[in-house]
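Everything below concerns the one structure shown next.
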Amino acid sequence: MDELYLKAFLSCSLTGAVCGLAGAFIFLMEIPFVGVAVSHAAMAGGVWGVILGFPAKIAAFVTSILMSAVLGPFSDRLKMHLNFVLSVMFAFLMALALLGVGIFEGHRQMMYSVLWGNVFLSGWNDILFLVFLLTLEAALIIFFYSSLVLVMFNREMAAAGGVNEKLIYYTVLVITGAVVSAGMNTAGGLMIFGMIILPAAAAKQLCTGMKSFIILSGAAGLFGGAGGAITAFLLNLPMGATSVLFMTAVFLVSAAVKKFYKIPLNH
Amino acid sequence: MTGDFVRAENLSVNLGGKTVLSGVNLGIKHGEFVTLIGPNGSGKTTLVKCLLGFIKPSAGSAVINTRRTGYIPQSYTEKGGFPATAGELIKSAGISAGMKSSGVIISREKIMAELKISSVLNKCFSDLSGGEKQKTILAMALIKKPEVLILDEPNLNLDPHAYAKFLKLADSVHKKHKITVIFVTHMVSAMPVSSARVVVLKKGGIYYDGKAAPLFRKKNVMEEIYG
Ligand SMILES: Nc1ncnc2c1ncn2[C@@H]1O[C@H](COP(=O)(O)OP(=O)(O)O)[C@@H](O)[C@H]1O
Ligand SMILES: [Mg+2]
């Protein structure tokens, strides 16, 4: 395997794992739309970054983080569900991106690359960043496990119990933004939606316990990403789409297992 | 009133341009069992959320003199099947309150036995009956050994039989754990027998505060509370 393929394989597998773990929380917060919204934030950031003379990738990342950082506080202040705040931001940012592309015709290519992704463009530093994100996710889950469970279950009960629920809730949202933004290299802004939802949906079929749900969601993501990458090599297919199809298959298998075996993982 | 364990002084709250509470004065001593009663929309939940610090008063103050509060909100997560077992939720409540893992397991066993829900330890929360859910949430509050327990309309998800049992449970929990209980309900019929003190909230103000018996000796008590 040459280095290009190795990097693509690592990129795809790590994206799967990172998205799988974050996806468990996206599932618990019921905000699947976050994938599409953050990718459009990245697109708007990328296009306008280039127009204003910043590196596209960094501008895209910073915009994604900014958007996911204001998401929680906006939702709380306006007393609007996260999904509505996401919809408003999505509409605004897409308009902003299209405006940029409309004014500066040349940036159309950049918009496509954000939407479709290109795993062969990811370098070692992208892979290193995915490793960093994965470590960060795992560390937060391990060290703040109980508080996370409580905040996902009910924020007010958590607060009454002395948990700093706002800090935890907002942090989860920011990390979600970072994950989506980082994963877009591999999957693209459209396919990332599948990468964050399918592993969690597959895990949910088999689990009635939180620990197994989170672990299995991350594992399904890793398995889907790696399996998708290998299938894509063998059959010479686009990697993002193949991974998402692979994850869909994983989901269908776990749904079938649930239907026929009924053995919940209750830990 | 100063020195009371739970107190609201001249508490007023405006929400969305509407006066929800105005000039509420309430003092609760440690170990009291107080039933907060009043029609829908009278401001019961708002009062409780002020005490907990979730809503900022527009005037006056509201405090609970401890960080160890157990709160059972009027509505809690239902969602599309929350993947956590009753046991996990109770354990998480204990650990996030600073308990050690080994201690939590022992306390959890005791509390689940006391509430008669030992059998749902490894069951998914979403698959429990209304009564089992309510008791799981009560266990989540109790495992932290709270000094104050606030129950906001715990009758809503329960049938009358299950509710009657839950009331007895709340009563025995109050006696056994020697904690302050604030029990919120909109139904006179859903009032715990044990509650020596009743506070009636009406249109954002305190309408009655005293023993239950004199209130119910009045002829048209229903009209007085709900009218
Ligand atoms: N965030 C809010 N904005 C505007 N009005 C509110 C808000 N929350 C509650 N209210 C109003 O305050 C009143 C009291 O509500 P609440 O405390 O929930 O009553 P209760 O718990 O006694 O049924 C109601 O009329 C309700 O419509
Ligand atoms: Mg209420």
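Here's how to read the names in the structure tokens: chain A, B, ... by the order shown, residue numbers from 1 in each chain, ligand numbers from 1 in the order shown.
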
List every residue of segment 6-225 of chain B that DSSP, applied to the backbone, labels as strand (DSSP E or B), and write the result as a PyMOL selection string. chain B and resi 6-15+18-28+33-37+59-64+69-72+85+124+148-152+180-185+197-202+205-211

Using only C-alpha atoms, which residues sit within 12 Å of Ile230 of chain A once same-chain residues fewer than 6 positions away are excluded, as number ranges by chain? A: 1, 5-6, 8-10, 12-13, 223-224, 236-240, 242-243, 246

Find the residues near Leu149 of chain B: any atom within 10 Å, counting only C-alpha atoms, skip ones fewer than 6 places away on the same chain, and give them as a PyMOL selection string. chain B and resi 33+68-72+138+141-142+170+173-174+179-183

From the set A:Leu78, A:Ala226, A:Ala97, A:Ala60, which residue has the shortest atom-to-atom contact distance to chain B, counting only C-alpha atoms?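 Comparing A:Leu78, A:Ala226, A:Ala97, A:Ala60 against chain B, the winner is A:Leu78.
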
Could the residues of chain B within 10 Å of chain A, counting only C-alpha atoms, be given as a PyMOL selection string, please? chain B and resi 49+52-54+67-73+75-98+121-127+137+140-141+144+146+150

Nearby polymer residues, ligand 2, at most 10 Å, only C-alpha atoms and all ligand atoms, as a PyMOL selection string: chain B and resi 38-49+73-75+152-153+184-186

Could you write out that same residue set with C-alpha atoms as a CSV table (one decimal), in the first residue's frame?
```csv
chain,number,residue,atom,x,y,z
B,38,GLY,CA,-52.6,25.8,43.2
B,39,PRO,CA,-54.3,25.7,39.9
B,40,ASN,CA,-52.4,25.3,36.6
B,41,GLY,CA,-50.5,28.5,35.7
B,42,SER,CA,-50.5,29.8,39.3
B,43,GLY,CA,-46.7,30.0,39.3
B,44,LYS,CA,-45.8,26.9,41.3
B,45,THR,CA,-43.1,25.7,38.9
B,46,THR,CA,-41.7,29.2,38.6
B,47,LEU,CA,-41.4,29.5,42.4
B,48,VAL,CA,-39.6,26.2,42.6
B,49,LYS,CA,-37.2,27.1,39.7
B,73,PRO,CA,-38.9,18.3,37.5
B,74,GLN,CA,-42.5,18.4,36.2
B,75,SER,CA,-41.4,16.9,32.9
B,152,ASP,CA,-43.0,19.1,41.0
B,153,GLU,CA,-46.3,17.4,40.2
B,184,VAL,CA,-46.0,20.5,44.3
B,185,THR,CA,-49.4,19.6,43.0
B,186,HIS,CA,-52.4,21.2,41.3
```

Select from segment 8-219 of chain B everything DSSP, run on the backbone, classes as helix (DSSP H, G or I), then give the selection as a PyMOL selection string. chain B and resi 44-52+86-96+101-114+118-120+125-127+130-142+160-177+188-190+212-217

So how many Å separate atom CA of Ala69 of chain A and atom CA of Leu173 of chain A, to one decimal?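 Distance between the two atoms: 6.8 Å.
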
Nearest to ligand 1, chosen from B:Lys178, B:His30, B:Lys145, B:Lys56, with only C-alpha atoms and all ligand atoms counted in the distances: B:Lys56

Write out as a ChimeraX atom specification each polymer residue whose atoms come within 9 Å of Tyr163 of chain B, counting only C-alpha atoms; drop sequence neighbours fewer than 5 positions from it. /B:131,154-158,168,190

One residue among A:Val85, A:Ala182, A:Ile192, A:Leu121 is nearest to Ile31 of chain A when using only C-alpha atoms, and that residue is A:Val85

Counting only C-alpha atoms and all ligand atoms, which of B:Ala164, B:Ala196, B:Leu128, B:Gly205 gets nearest to ligand 1? B:Gly205
